[in-house]
Each structure stands twice: as structure tokens, then as C-alpha cells.
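Have a look at the structure below before the remarks.
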Amino acid sequence: MKNVDIAPLDLSLVNTLGIDIGGTKIAGARVSDTGEVLAWETRPTTPEDPEGIVSAIAELVTALDNGDCRPVLGVAVAAFLNRDRDSIFLSPNIAWPQFRLKDELEKRLGRGVVLENDANAAGWGEFQFGAARDATSMITLTIGTGVGGAIVDDGRLIMGGFGVAGELGHLIVEPNGHLCGCGNRGCLEQYASGTALMREARQELGNPALTQDELSDLLEHGDARALKALNRIGQALGRGIASLVAVVDPELIVIGGGVAKAGEALLEPIRSGFHATYAPASQRPVASIVVATLGNTAGVVGAADLARAASEHA
Ligand SMILES: [Zn+2]
């Protein structure tokens with residue numbers, strides 16, 4: 001019988017492909033073992049059509065693999081994954097409950113697939129190659145439409161008993177607060193996400209039609225009302241971080257996602273909210289809070305590295 005298996009440790013295969021399935025687009029990259037993005041392409045997401053997503057990923061793989069990639073694919077997806085990392089419990093953006101994404105992709109592509117939650121993959125990217133590359137424990141908060149989280153302790157991504165650890169956006173910070181997409185009230189992401197920032201800024205500026213671009217512009221020009229809204233988001237994040245530090249005690253807190261582009265204007269209120277809430281801060285060493293460095297490539301870089309590691313331990 002002919003053996004068609006490709007040796008996972010073929011030394012000519014020096015790069016790995018990473019895919020990041022988001023709410024509006026799918027990004028793919030060829031990533032080196034040092035976390036460098038060598039090629040990058042995107043396709044639109046078809047949220048109501050899992051088969052369409054599988055096809056788009058197949059297209060990206062064909063476009064990106066120039067023959068020096070390992071026979072594995074890392075895939076980050078905005079969804080709750082099961083502990084075995086082969087199917088999706090629930091995704092807020094993509095209509096495919098219980099879809100066996102790993103099997104479908106492996107069948108279609110003829111290569112191994114390593115699935116990870118998108119915020120975990122982005123956090124892992126920052127841990128290996130970005131802002132936390134010198135740390136052994138960290139928390140990443142990815143501030144986009146929602147708030148994603150990842151926890152790494154002693155060099156390991158924390159999965160939890162059911163595979164959904166690190167859903168830090170659903171830390172409850174305001175009992176009986178705003179209703180969240182998860183069904184609870186008062187989740188951190190209702191107070192500290194890009195969506196929350198828009199809500200606060202529209203209210204502050206008295207302009208319910210304010211767009212994201214207009215807000216970015218105002219923040220860039222140091223508009224006092226826009227900064228006040230950003231300050232509120234930062235303070236809420238800082239309070240949330242105080243609870244996270246009490247549980248996890250990381251060396252570093254990395255703030256990523258679109259809102260993190262505000263840089264120090266966001267970090268300053270985060271630190272102030274944190275230190276105002278975290279009472280014992282003066283009596284023990286405590287995490288520094290920094291901005292992520294990989295930008296929107298963190299997810300593909302992290303996914304590729306998780307796939308590389310899995311192929312080497314296969
Ligand atoms: Zn929630």
C-alpha cells in the first residue's frame with residue numbers, strides 16, 4: 001500500500017499557515033517560525049454559510065502555500081470551542097452551532113487543522129512574539145467590538161475544564177448593568193469594548209449618528225469629550241483587570257484590538273482604574289499594563305504557532 005503521509009518533521013517545511021475567521025472577513029497568512037508574516041490575504045466572511053467559509057479557507061491555503069509550509073493549518077475562530085478543539089459550541093457572529101469545523105477542513109484540505117478561539121490565538125501570538133515575549137505568564141484583553149481574553153500561565157494557554165476559559169469579556173463588573181449578548185447583565189464588554197466606547201462617545205458628544213471614523217479622528221485630535229468617553233472605558237477596564245489580577249496574578253497585562261490604537265490615552269485611565277481598585281498593590285509586585293505589538297496579525301501568527309507546535313509534538 002502506498003503511503004501518502006507527509007513527514008511532519010520534513011526540515012524543508014519551515015513556515016506555517018494561520019487563518020483568522022472574524023465577523024466580517026477571513027484573514028490568512030504564511031508565518032515564519034519567528035512569528036514574521038511573510039504573506040497575507042483576506043476573503044469576505046459569509047457568516048450564514050459554513051460551507052462558504054470552508055471554501056474561502058481552501059482558497060487562502062492555495063494562495064498562500066508556496067511549498068515550504070508544514071502540512072498543518074492553524075485556524076482562529078470567533079467562537080466557543082469544545083475542549084477537544086474539533087467543534088464549535090456557539091459563535092456570536094457565525095451561524096454554525098455544533099459545526100465540526102476541524103473535520104470539514106481536514107477533509108477538504110488534506111492537512112491537519114488546529115483550531116483555537118480567536119482571542120486565545122491572538123493572546124498566544126503576543127505571548128510568543130509580541131508584547132509578552134519575555135513573560136512566562138500574562139493576560140491579554142483584546143478590545144474590539146467585544147472584549148476577548150486569553151490567559152497564559154507558566155507558558156501554557158489556559159483552556160479550562162470545558163475549553164472556554166479566558167472569556168474575560170464576560171466578567172461581571174456591574175450587577176444589574178447593561179444586558180450582554182451572552183444573556184447576563186453587567187459584563188465587562190458592555191463597559192469596556194469598542195461598542196461601549198461608541199455608546200459613551202455618542203452620549204458625550206450628543207451625536208447619536210457619530211461614526212467610528214469620526215470618533216477616531218476626534219481622539220487623534222485630542223477632543224476633550226471623546227477623551228472623556230475613552231477615559232470611562234479605560235477606568236472600567238482597569239477595574240476589571242483588578243479582579244483578573246486577584247485570580248491569575250500574571251506578570252503582564254497586554255491590551256490589544258482596535259481600541260488599543262489609542263495607546264497611552266487608553267492605558268493611562270486603565271492604570272488609574274486598576275490602581276484605584278486594587279488595594280494591596282503597594283504591598284506586592286503587580287502586573288504591568290502594556291499595549292499589544294502585533295496589531296491585527298496577532299490572531300494568524302498565534303494560530304500558526306499553535307499549529308507548528310502541535311505538528312512538532314505529533
Ligand atoms: Zn456577557
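Each chain in the C-alpha cells gets a letter, A, B, ..., in the order shown, and its residues are numbered from 1; ligands are numbered from 1 in order too.
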
Grab me every residue within 12 Å of ligand 1, counting only C-alpha atoms and all ligand atoms, and send it over as a PDB file with N, CA and C atoms, in the first residue's frame.
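New file result-v2.pdb:
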ATOM      1  N   PRO A  92     -21.057  34.027  18.222  1.00  0.00           N
ATOM      2  CA  PRO A  92     -21.996  35.148  18.132  1.00  0.00           C
ATOM      3  C   PRO A  92     -22.143  35.665  16.699  1.00  0.00           C
ATOM      4  N   GLY A 146     -16.319  43.425  20.843  1.00  0.00           N
ATOM      5  CA  GLY A 146     -16.478  42.930  22.211  1.00  0.00           C
ATOM      6  C   GLY A 146     -15.141  42.986  22.926  1.00  0.00           C
ATOM      7  N   VAL A 147     -15.028  42.219  24.011  1.00  0.00           N
ATOM      8  CA  VAL A 147     -13.748  42.102  24.709  1.00  0.00           C
ATOM      9  C   VAL A 147     -13.368  40.628  24.739  1.00  0.00           C
ATOM     10  N   GLY A 148     -12.263  40.290  24.088  1.00  0.00           N
ATOM     11  CA  GLY A 148     -11.776  38.908  24.097  1.00  0.00           C
ATOM     12  C   GLY A 148     -10.668  38.780  25.120  1.00  0.00           C
ATOM     13  N   GLU A 167     -12.760  33.726  28.827  1.00  0.00           N
ATOM     14  CA  GLU A 167     -13.817  34.600  28.269  1.00  0.00           C
ATOM     15  C   GLU A 167     -13.934  35.832  29.175  1.00  0.00           C
ATOM     16  N   LEU A 168     -12.890  36.642  29.140  1.00  0.00           N
ATOM     17  CA  LEU A 168     -12.760  37.714  30.129  1.00  0.00           C
ATOM     18  C   LEU A 168     -13.743  38.854  29.903  1.00  0.00           C
ATOM     19  N   GLY A 169     -14.274  38.959  28.694  1.00  0.00           N
ATOM     20  CA  GLY A 169     -15.266  39.992  28.408  1.00  0.00           C
ATOM     21  C   GLY A 169     -16.563  39.778  29.185  1.00  0.00           C
ATOM     22  N   HIS A 170     -16.735  38.566  29.713  1.00  0.00           N
ATOM     23  CA  HIS A 170     -17.987  38.267  30.424  1.00  0.00           C
ATOM     24  C   HIS A 170     -17.810  38.228  31.941  1.00  0.00           C
ATOM     25  N   LEU A 171     -16.707  38.806  32.378  1.00  0.00           N
ATOM     26  CA  LEU A 171     -16.531  39.062  33.805  1.00  0.00           C
ATOM     27  C   LEU A 171     -17.600  40.088  34.194  1.00  0.00           C
ATOM     28  N   ILE A 172     -18.351  39.822  35.240  1.00  0.00           N
ATOM     29  CA  ILE A 172     -19.431  40.749  35.598  1.00  0.00           C
ATOM     30  C   ILE A 172     -18.877  41.867  36.475  1.00  0.00           C
ATOM     31  N   VAL A 173     -19.008  43.100  35.976  1.00  0.00           N
ATOM     32  CA  VAL A 173     -18.453  44.249  36.700  1.00  0.00           C
ATOM     33  C   VAL A 173     -19.542  45.178  37.249  1.00  0.00           C
ATOM     34  N   GLU A 174     -20.775  45.038  36.765  1.00  0.00           N
ATOM     35  CA  GLU A 174     -21.866  45.900  37.245  1.00  0.00           C
ATOM     36  C   GLU A 174     -23.100  45.037  37.456  1.00  0.00           C
ATOM     37  N   PRO A 175     -23.383  44.612  38.695  1.00  0.00           N
ATOM     38  CA  PRO A 175     -24.599  43.816  38.909  1.00  0.00           C
ATOM     39  C   PRO A 175     -25.814  44.604  38.395  1.00  0.00           C
ATOM     40  N   GLY A 177     -26.358  45.547  35.471  1.00  0.00           N
ATOM     41  CA  GLY A 177     -25.940  46.525  34.465  1.00  0.00           C
ATOM     42  C   GLY A 177     -26.535  46.217  33.105  1.00  0.00           C
ATOM     43  N   HIS A 178     -25.870  46.759  32.068  1.00  0.00           N
ATOM     44  CA  HIS A 178     -26.369  46.570  30.695  1.00  0.00           C
ATOM     45  C   HIS A 178     -26.476  45.088  30.341  1.00  0.00           C
ATOM     46  N   LEU A 179     -27.511  44.752  29.569  1.00  0.00           N
ATOM     47  CA  LEU A 179     -27.704  43.384  29.092  1.00  0.00           C
ATOM     48  C   LEU A 179     -26.616  43.064  28.056  1.00  0.00           C
ATOM     49  N   CYS A 180     -26.023  41.880  28.184  1.00  0.00           N
ATOM     50  CA  CYS A 180     -24.936  41.460  27.288  1.00  0.00           C
ATOM     51  C   CYS A 180     -25.461  40.406  26.307  1.00  0.00           C
ATOM     52  N   GLY A 181     -24.773  40.274  25.181  1.00  0.00           N
ATOM     53  CA  GLY A 181     -25.129  39.264  24.192  1.00  0.00           C
ATOM     54  C   GLY A 181     -25.118  37.847  24.747  1.00  0.00           C
ATOM     55  N   CYS A 182     -24.366  37.634  25.838  1.00  0.00           N
ATOM     56  CA  CYS A 182     -24.273  36.290  26.429  1.00  0.00           C
ATOM     57  C   CYS A 182     -25.493  35.978  27.287  1.00  0.00           C
ATOM     58  N   GLY A 183     -26.356  36.986  27.528  1.00  0.00           N
ATOM     59  CA  GLY A 183     -27.561  36.756  28.327  1.00  0.00           C
ATOM     60  C   GLY A 183     -27.447  37.289  29.750  1.00  0.00           C
ATOM     61  N   ASN A 184     -26.214  37.544  30.206  1.00  0.00           N
ATOM     62  CA  ASN A 184     -26.046  38.119  31.542  1.00  0.00           C
ATOM     63  C   ASN A 184     -26.151  39.640  31.495  1.00  0.00           C
ATOM     64  N   ARG A 185     -26.160  40.232  32.671  1.00  0.00           N
ATOM     65  CA  ARG A 185     -26.140  41.691  32.769  1.00  0.00           C
ATOM     66  C   ARG A 185     -24.837  42.151  33.390  1.00  0.00           C
ATOM     67  N   GLY A 186     -24.332  43.289  32.899  1.00  0.00           N
ATOM     68  CA  GLY A 186     -23.190  43.938  33.547  1.00  0.00           C
ATOM     69  C   GLY A 186     -21.832  43.359  33.198  1.00  0.00           C
ATOM     70  N   CYS A 187     -21.715  42.638  32.060  1.00  0.00           N
ATOM     71  CA  CYS A 187     -20.419  42.073  31.658  1.00  0.00           C
ATOM     72  C   CYS A 187     -19.433  43.192  31.303  1.00  0.00           C
ATOM     73  N   LEU A 188     -18.151  42.913  31.536  1.00  0.00           N
ATOM     74  CA  LEU A 188     -17.084  43.866  31.224  1.00  0.00           C
ATOM     75  C   LEU A 188     -17.206  44.397  29.805  1.00  0.00           C
ATOM     76  N   GLU A 189     -17.542  43.529  28.849  1.00  0.00           N
ATOM     77  CA  GLU A 189     -17.552  44.009  27.464  1.00  0.00           C
ATOM     78  C   GLU A 189     -18.663  45.019  27.191  1.00  0.00           C
ATOM     79  N   GLN A 190     -19.657  45.101  28.083  1.00  0.00           N
ATOM     80  CA  GLN A 190     -20.676  46.140  27.935  1.00  0.00           C
ATOM     81  C   GLN A 190     -20.162  47.515  28.374  1.00  0.00           C
ATOM     82  N   TYR A 191     -19.001  47.536  29.053  1.00  0.00           N
ATOM     83  CA  TYR A 191     -18.461  48.793  29.584  1.00  0.00           C
ATOM     84  C   TYR A 191     -17.085  49.135  29.022  1.00  0.00           C
ATOM     85  N   ALA A 192     -16.464  48.151  28.359  1.00  0.00           N
ATOM     86  CA  ALA A 192     -15.053  48.342  28.021  1.00  0.00           C
ATOM     87  C   ALA A 192     -14.705  47.914  26.600  1.00  0.00           C
ATOM     88  N   SER A 193     -15.692  47.769  25.732  1.00  0.00           N
ATOM     89  CA  SER A 193     -15.430  47.358  24.353  1.00  0.00           C
ATOM     90  C   SER A 193     -15.480  48.566  23.415  1.00  0.00           C
TER      91      SER A 193
END

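For stretch 295-307 of chain A, the set of protein, DNA and RNA residues having any atom at most 7 Å away, when counting only C-alpha atoms and skipping those fewer than 4 positions along the same chain, is A:Thr16, A:Leu17, A:Gly18, A:Ile19, A:Asp20, A:Gly28, A:Ala29, A:Val31, A:Gly35, A:Val72, A:Leu73, A:Gly74, A:Val75, A:Ala76, A:Val114, A:Glu116, A:Asp118, A:Ala121, A:Ala122, A:Trp124, A:Gly125, A:Glu126, A:Gly257, A:Ser311.
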
For the selection you just gave me, I'd like the residues written to a file as an mmCIF file, in the first residue's frame, keeping N, CA and C atoms.
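The result, stored in out_10.cif:
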data_model
loop_
_atom_site.group_PDB
_atom_site.id
_atom_site.type_symbol
_atom_site.label_atom_id
_atom_site.label_comp_id
_atom_site.auth_asym_id
_atom_site.auth_seq_id
_atom_site.Cartn_x
_atom_site.Cartn_y
_atom_site.Cartn_z
ATOM 1 N N THR A 16 4.453 28.092 8.511
ATOM 2 C CA THR A 16 3.145 27.517 8.847
ATOM 3 C C THR A 16 2.064 28.519 8.451
ATOM 4 N N LEU A 17 0.930 27.999 8.008
ATOM 5 C CA LEU A 17 -0.188 28.872 7.637
ATOM 6 C C LEU A 17 -1.091 29.108 8.842
ATOM 7 N N GLY A 18 -1.540 30.341 8.975
ATOM 8 C CA GLY A 18 -2.509 30.688 10.020
ATOM 9 C C GLY A 18 -3.699 31.385 9.391
ATOM 10 N N ILE A 19 -4.888 31.077 9.913
ATOM 11 C CA ILE A 19 -6.146 31.650 9.413
ATOM 12 C C ILE A 19 -6.876 32.265 10.601
ATOM 13 N N ASP A 20 -7.532 33.403 10.392
ATOM 14 C CA ASP A 20 -8.316 34.033 11.456
ATOM 15 C C ASP A 20 -9.708 34.356 10.902
ATOM 16 N N GLY A 28 -5.716 35.284 6.212
ATOM 17 C CA GLY A 28 -4.782 34.158 6.181
ATOM 18 C C GLY A 28 -3.374 34.671 6.012
ATOM 19 N N ALA A 29 -2.400 33.933 6.568
ATOM 20 C CA ALA A 29 -1.007 34.356 6.439
ATOM 21 C C ALA A 29 -0.085 33.153 6.419
ATOM 22 N N VAL A 31 3.398 32.218 7.921
ATOM 23 C CA VAL A 31 4.099 32.767 9.082
ATOM 24 C C VAL A 31 5.386 31.979 9.317
ATOM 25 N N GLY A 35 7.591 34.105 13.911
ATOM 26 C CA GLY A 35 6.386 34.920 14.022
ATOM 27 C C GLY A 35 6.271 36.036 12.993
ATOM 28 N N VAL A 72 0.076 21.386 8.198
ATOM 29 C CA VAL A 72 -0.938 21.686 9.221
ATOM 30 C C VAL A 72 -1.406 23.117 8.990
ATOM 31 N N LEU A 73 -2.566 23.415 9.537
ATOM 32 C CA LEU A 73 -3.146 24.741 9.388
ATOM 33 C C LEU A 73 -3.660 25.162 10.759
ATOM 34 N N GLY A 74 -3.270 26.358 11.198
ATOM 35 C CA GLY A 74 -3.812 26.895 12.442
ATOM 36 C C GLY A 74 -5.001 27.778 12.111
ATOM 37 N N VAL A 75 -6.127 27.564 12.782
ATOM 38 C CA VAL A 75 -7.335 28.338 12.480
ATOM 39 C C VAL A 75 -7.886 28.965 13.757
ATOM 40 N N ALA A 76 -7.921 30.295 13.771
ATOM 41 C CA ALA A 76 -8.521 31.023 14.886
ATOM 42 C C ALA A 76 -9.945 31.380 14.492
ATOM 43 N N VAL A 114 -5.521 22.765 13.394
ATOM 44 C CA VAL A 114 -5.516 23.062 14.824
ATOM 45 C C VAL A 114 -6.411 24.276 15.033
ATOM 46 N N GLU A 116 -8.402 27.156 17.333
ATOM 47 C CA GLU A 116 -8.329 27.864 18.608
ATOM 48 C C GLU A 116 -9.288 29.052 18.576
ATOM 49 N N ASP A 118 -10.365 32.810 18.756
ATOM 50 C CA ASP A 118 -9.575 33.903 18.161
ATOM 51 C C ASP A 118 -8.813 34.747 19.191
ATOM 52 N N ALA A 121 -5.864 32.768 20.340
ATOM 53 C CA ALA A 121 -4.803 32.738 19.327
ATOM 54 C C ALA A 121 -4.051 34.066 19.312
ATOM 55 N N ALA A 122 -4.790 35.174 19.382
ATOM 56 C CA ALA A 122 -4.145 36.492 19.381
ATOM 57 C C ALA A 122 -3.267 36.647 20.627
ATOM 58 N N TRP A 124 -1.867 34.231 22.297
ATOM 59 C CA TRP A 124 -0.707 33.355 22.140
ATOM 60 C C TRP A 124 0.334 34.003 21.222
ATOM 61 N N GLY A 125 -0.130 34.684 20.179
ATOM 62 C CA GLY A 125 0.781 35.410 19.288
ATOM 63 C C GLY A 125 1.577 36.449 20.064
ATOM 64 N N GLU A 126 0.892 37.222 20.901
ATOM 65 C CA GLU A 126 1.571 38.253 21.707
ATOM 66 C C GLU A 126 2.530 37.614 22.716
ATOM 67 N N GLY A 257 -6.322 44.784 20.182
ATOM 68 C CA GLY A 257 -7.573 45.086 19.479
ATOM 69 C C GLY A 257 -7.589 46.518 18.973
ATOM 70 N N SER A 311 2.215 20.150 15.397
ATOM 71 C CA SER A 311 2.797 19.246 14.401
ATOM 72 C C SER A 311 4.132 18.685 14.903
#

Practice prompt. Write out as a PyMOL selection string all residues of stretch 40-246 of chain A that DSSP puts in strand (DSSP E) for this structure's backbone.
Written response: chain A and resi 40-44+69-77+80-81+88-90+112-117+138-143+147-153+156-157

Could you please take those selected residues and save N, CA and C atoms as a compact mmCIF listing (two decimals), in the first residue's frame?
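Okay, this is what ended up in part22.txt:
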# COMPACT_ATOMS: atom_id res chain seq x y z
N TRP A 40 0.12 37.65 3.22
CA TRP A 40 -1.15 37.95 3.92
C TRP A 40 -2.24 38.15 2.89
N GLU A 41 -3.38 37.50 3.08
CA GLU A 41 -4.52 37.69 2.18
C GLU A 41 -5.81 37.64 2.99
N THR A 42 -6.85 38.26 2.47
CA THR A 42 -8.16 38.17 3.16
C THR A 42 -9.25 37.80 2.16
N ARG A 43 -10.34 37.26 2.69
CA ARG A 43 -11.55 36.99 1.92
C ARG A 43 -12.73 37.45 2.77
N PRO A 44 -13.84 37.87 2.12
CA PRO A 44 -15.02 38.24 2.94
C PRO A 44 -15.60 37.01 3.64
N CYS A 69 5.46 25.13 3.47
CA CYS A 69 4.64 25.15 4.69
C CYS A 69 4.40 23.74 5.22
N ARG A 70 4.37 23.64 6.53
CA ARG A 70 4.07 22.36 7.19
C ARG A 70 2.65 21.90 6.80
N PRO A 71 2.42 20.59 6.84
CA PRO A 71 1.10 20.08 6.43
C PRO A 71 0.05 20.25 7.53
N VAL A 72 0.08 21.39 8.20
CA VAL A 72 -0.94 21.69 9.22
C VAL A 72 -1.41 23.12 8.99
N LEU A 73 -2.57 23.41 9.54
CA LEU A 73 -3.15 24.74 9.39
C LEU A 73 -3.66 25.16 10.76
N GLY A 74 -3.27 26.36 11.20
CA GLY A 74 -3.81 26.90 12.44
C GLY A 74 -5.00 27.78 12.11
N VAL A 75 -6.13 27.56 12.78
CA VAL A 75 -7.33 28.34 12.48
C VAL A 75 -7.89 28.97 13.76
N ALA A 76 -7.92 30.29 13.77
CA ALA A 76 -8.52 31.02 14.89
C ALA A 76 -9.94 31.38 14.49
N VAL A 77 -10.87 31.20 15.42
CA VAL A 77 -12.27 31.49 15.09
C VAL A 77 -12.96 32.16 16.27
N PHE A 80 -16.93 29.88 20.79
CA PHE A 80 -16.63 28.98 21.91
C PHE A 80 -16.34 27.62 21.30
N LEU A 81 -15.18 27.05 21.62
CA LEU A 81 -14.82 25.73 21.10
C LEU A 81 -14.91 24.71 22.21
N ILE A 88 -17.53 23.64 17.36
CA ILE A 88 -17.90 24.94 17.90
C ILE A 88 -19.18 24.79 18.72
N PHE A 89 -19.15 25.28 19.96
CA PHE A 89 -20.39 25.30 20.76
C PHE A 89 -21.32 26.38 20.23
N LEU A 90 -20.71 27.55 20.07
CA LEU A 90 -21.51 28.75 19.86
C LEU A 90 -20.62 29.83 19.29
N GLY A 112 -3.66 18.55 8.46
CA GLY A 112 -4.14 18.65 9.83
C GLY A 112 -4.58 20.08 10.15
N VAL A 113 -5.58 20.20 11.02
CA VAL A 113 -6.08 21.52 11.39
C VAL A 113 -6.07 21.65 12.91
N VAL A 114 -5.52 22.77 13.39
CA VAL A 114 -5.52 23.06 14.82
C VAL A 114 -6.41 24.28 15.03
N LEU A 115 -7.52 24.08 15.75
CA LEU A 115 -8.48 25.16 15.98
C LEU A 115 -8.21 25.84 17.31
N GLU A 116 -8.40 27.16 17.33
CA GLU A 116 -8.33 27.86 18.61
C GLU A 116 -9.29 29.05 18.58
N ASN A 117 -9.79 29.41 19.72
CA ASN A 117 -10.59 30.63 19.86
C ASN A 117 -9.74 31.83 19.41
N MET A 138 0.77 35.78 31.46
CA MET A 138 0.17 37.04 31.01
C MET A 138 -1.33 36.87 30.79
N ILE A 139 -1.98 38.02 30.76
CA ILE A 139 -3.38 38.07 30.33
C ILE A 139 -3.44 39.03 29.15
N THR A 140 -4.13 38.65 28.09
CA THR A 140 -4.38 39.58 27.00
C THR A 140 -5.86 39.93 26.99
N LEU A 141 -6.15 41.21 26.85
CA LEU A 141 -7.53 41.66 26.63
C LEU A 141 -7.58 42.29 25.26
N THR A 142 -8.37 41.72 24.36
CA THR A 142 -8.48 42.24 23.00
C THR A 142 -9.76 43.06 22.91
N ILE A 143 -9.58 44.38 22.76
CA ILE A 143 -10.72 45.30 22.82
C ILE A 143 -11.16 45.63 21.40
N VAL A 147 -15.03 42.22 24.01
CA VAL A 147 -13.75 42.10 24.71
C VAL A 147 -13.37 40.63 24.74
N GLY A 148 -12.26 40.29 24.09
CA GLY A 148 -11.78 38.91 24.10
C GLY A 148 -10.67 38.78 25.12
N GLY A 149 -10.44 37.57 25.61
CA GLY A 149 -9.39 37.37 26.59
C GLY A 149 -8.58 36.13 26.32
N ALA A 150 -7.35 36.13 26.83
CA ALA A 150 -6.51 34.93 26.82
C ALA A 150 -5.67 34.95 28.09
N ILE A 151 -5.49 33.78 28.68
CA ILE A 151 -4.67 33.66 29.88
C ILE A 151 -3.56 32.66 29.61
N VAL A 152 -2.32 33.07 29.84
CA VAL A 152 -1.19 32.14 29.76
C VAL A 152 -0.56 32.10 31.13
N ASP A 153 -0.40 30.88 31.68
CA ASP A 153 0.28 30.73 32.96
C ASP A 153 1.39 29.71 32.80
N ARG A 156 1.75 28.18 29.41
CA ARG A 156 0.65 27.40 28.82
C ARG A 156 -0.62 28.21 28.71
N LEU A 157 -1.27 28.06 27.56
CA LEU A 157 -2.56 28.69 27.35
C LEU A 157 -3.59 27.95 28.21

Practice prompt. Grab the atom CA of A:Lys102 to atom CA of A:Glu312 distance for me, in Å with one decimal place.
Written response: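 Taking atom CA of A:Lys102 as the start and atom CA of A:Glu312 as the end point, the length is 18.6 Å.
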
Worksheet entry | Distance in Å - atom CA of A:Leu11 versus atom CA of A:Ala309 |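 If I compute the distance from atom CA of A:Leu11 to atom CA of A:Ala309, I get 14.4 Å.
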
Fill in: 8 Å contact set for stretch 196-205 of chain A, only C-alpha atoms, chain neighbours under 3 positions out, as a list in words
Glu189, Gln190, Tyr191, Ala192, Ser193, Pro208, Ala209, Leu210, Thr211, Gln212, Leu215, Arg225, Ala226, Lys228, Ala229, Leu230, Arg232 and Ile233 of chain A

Skip stretch 282-293 of chain A itself and residues of its chain fewer than 5 positions away, then list as a PDB file with C-alpha atoms, in the first residue's frame all residues within 7 Å of it, counting only C-alpha atoms.
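Generated output (around_34.pdb):
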ATOM      1  CA  GLU A 126       1.571  38.253  21.707  1.00  0.00           C
ATOM      2  CA  GLY A 130       4.775  40.263  20.732  1.00  0.00           C
ATOM      3  CA  ALA A 131       4.415  42.406  23.845  1.00  0.00           C
ATOM      4  CA  PRO A 250       0.063  37.497  35.716  1.00  0.00           C
ATOM      5  CA  GLU A 251       3.370  39.249  35.083  1.00  0.00           C
ATOM      6  CA  LEU A 252       1.878  41.319  32.314  1.00  0.00           C
ATOM      7  CA  ILE A 253      -1.491  42.557  31.029  1.00  0.00           C
ATOM      8  CA  VAL A 254      -1.479  43.119  27.270  1.00  0.00           C
ATOM      9  CA  ILE A 255      -4.179  45.346  25.764  1.00  0.00           C
ATOM     10  CA  GLY A 256      -4.846  44.601  22.088  1.00  0.00           C
ATOM     11  CA  ALA A 260      -5.716  49.778  21.774  1.00  0.00           C
ATOM     12  CA  GLY A 263      -2.161  53.884  23.142  1.00  0.00           C
TER      13      GLY A 263
END

Discussion item. If you run DSSP on the backbone here, which positions in stretch 80-185 of chain A get alpha helix (DSSP H)? Please write them as a PyMOL selection string.
Written reply: chain A and resi 101-109+118-129

Worksheet item: Hey, can you check how far atom CA of A:Ala135 sits from atom CA of A:His275?
Response: 21.3 Å

Worksheet item: Looking at A:Thr34, A:Ser137, A:Gln128, A:Thr46, which one is nearest to A:Ile158, with distances taken over only C-alpha atoms?
Response: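 The closest residue to A:Ile158 is A:Ser137.
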
Item to complete: Would you please work out which residue, of A:Glu59, A:Glu104, A:Asp65, A:Glu268, is nearest to A:Gln235 when using only C-alpha atoms?
Response: A:Glu268

Compile the contact shell of A:Ser32 as a tab-separated table (two decimals) with C-alpha atoms, in the first residue's frame: residues with an atom at most 7 Å away, counting only C-alpha atoms, same-chain residues fewer than 3 positions apart removed.
chain	number	residue	atom	x	y	z
A	14	VAL	CA	9.91	25.96	7.60
A	15	ASN	CA	6.71	28.03	7.65
A	16	THR	CA	3.15	27.52	8.85
A	35	GLY	CA	6.39	34.92	14.02
A	36	GLU	CA	7.05	37.00	10.93
A	37	VAL	CA	4.14	37.41	8.49
A	38	LEU	CA	5.60	36.51	5.07

Which residues are close to A:Gly52, i.e. within 12 Å by only C-alpha atoms, leaving aside same-chain residues fewer than 2 positions away? Reply as an mmCIF file with N, CA and C atoms, in the first residue's frame.
data_model
loop_
_atom_site.group_PDB
_atom_site.id
_atom_site.type_symbol
_atom_site.label_atom_id
_atom_site.label_comp_id
_atom_site.auth_asym_id
_atom_site.auth_seq_id
_atom_site.Cartn_x
_atom_site.Cartn_y
_atom_site.Cartn_z
ATOM 1 N N ILE A 21 -10.723 33.627 11.388
ATOM 2 C CA ILE A 21 -12.101 33.832 10.904
ATOM 3 C C ILE A 21 -12.775 34.852 11.806
ATOM 4 N N ILE A 26 -12.141 36.865 6.616
ATOM 5 C CA ILE A 26 -11.221 35.796 6.988
ATOM 6 C C ILE A 26 -9.834 36.239 6.543
ATOM 7 N N ARG A 43 -10.335 37.264 2.690
ATOM 8 C CA ARG A 43 -11.546 36.985 1.921
ATOM 9 C C ARG A 43 -12.728 37.452 2.765
ATOM 10 N N PRO A 44 -13.843 37.869 2.124
ATOM 11 C CA PRO A 44 -15.017 38.240 2.943
ATOM 12 C C PRO A 44 -15.602 37.005 3.636
ATOM 13 N N THR A 45 -16.161 37.205 4.816
ATOM 14 C CA THR A 45 -16.817 36.097 5.531
ATOM 15 C C THR A 45 -18.259 35.984 5.054
ATOM 16 N N THR A 46 -18.731 34.765 4.942
ATOM 17 C CA THR A 46 -20.143 34.541 4.652
ATOM 18 C C THR A 46 -20.746 33.895 5.901
ATOM 19 N N PRO A 47 -21.154 34.744 6.867
ATOM 20 C CA PRO A 47 -21.468 34.231 8.205
ATOM 21 C C PRO A 47 -22.560 33.170 8.232
ATOM 22 N N GLU A 48 -23.497 33.233 7.282
ATOM 23 C CA GLU A 48 -24.616 32.294 7.332
ATOM 24 C C GLU A 48 -24.293 30.980 6.622
ATOM 25 N N ASP A 49 -23.053 30.840 6.140
ATOM 26 C CA ASP A 49 -22.742 29.734 5.247
ATOM 27 C C ASP A 49 -21.412 29.067 5.620
ATOM 28 N N PRO A 50 -21.434 28.098 6.562
ATOM 29 C CA PRO A 50 -20.188 27.448 6.974
ATOM 30 C C PRO A 50 -19.435 26.823 5.792
ATOM 31 N N VAL A 54 -15.512 27.355 4.623
ATOM 32 C CA VAL A 54 -14.557 26.279 4.334
ATOM 33 C C VAL A 54 -13.934 26.503 2.955
ATOM 34 N N SER A 55 -14.755 26.885 1.961
ATOM 35 C CA SER A 55 -14.240 27.141 0.616
ATOM 36 C C SER A 55 -13.281 28.326 0.598
ATOM 37 N N ALA A 56 -13.633 29.386 1.309
ATOM 38 C CA ALA A 56 -12.761 30.570 1.346
ATOM 39 C C ALA A 56 -11.413 30.211 1.975
ATOM 40 N N ILE A 57 -11.438 29.371 3.013
ATOM 41 C CA ILE A 57 -10.178 28.967 3.658
ATOM 42 C C ILE A 57 -9.349 28.123 2.687
ATOM 43 N N ALA A 58 -10.022 27.235 1.937
ATOM 44 C CA ALA A 58 -9.302 26.419 0.949
ATOM 45 C C ALA A 58 -8.617 27.317 -0.078
ATOM 46 N N GLU A 59 -9.312 28.364 -0.504
ATOM 47 C CA GLU A 59 -8.727 29.330 -1.451
ATOM 48 C C GLU A 59 -7.497 30.013 -0.863
ATOM 49 N N ILE A 94 -21.282 33.826 13.662
ATOM 50 C CA ILE A 94 -21.325 32.849 12.584
ATOM 51 C C ILE A 94 -22.361 31.778 12.930
ATOM 52 N N ALA A 95 -23.273 31.528 11.987
ATOM 53 C CA ALA A 95 -24.409 30.639 12.275
ATOM 54 C C ALA A 95 -24.025 29.179 12.032
ATOM 55 N N TRP A 96 -23.286 28.594 12.969
ATOM 56 C CA TRP A 96 -22.916 27.196 12.761
ATOM 57 C C TRP A 96 -22.765 26.439 14.078
ATOM 58 N N LEU A 101 -16.015 21.927 12.389
ATOM 59 C CA LEU A 101 -15.133 22.708 11.512
ATOM 60 C C LEU A 101 -13.809 21.996 11.232
ATOM 61 N N GLU A 104 -14.324 19.055 8.770
ATOM 62 C CA GLU A 104 -14.686 19.555 7.434
ATOM 63 C C GLU A 104 -13.453 20.117 6.731
ATOM 64 N N LEU A 105 -12.654 20.869 7.479
ATOM 65 C CA LEU A 105 -11.453 21.475 6.879
ATOM 66 C C LEU A 105 -10.412 20.411 6.543
#
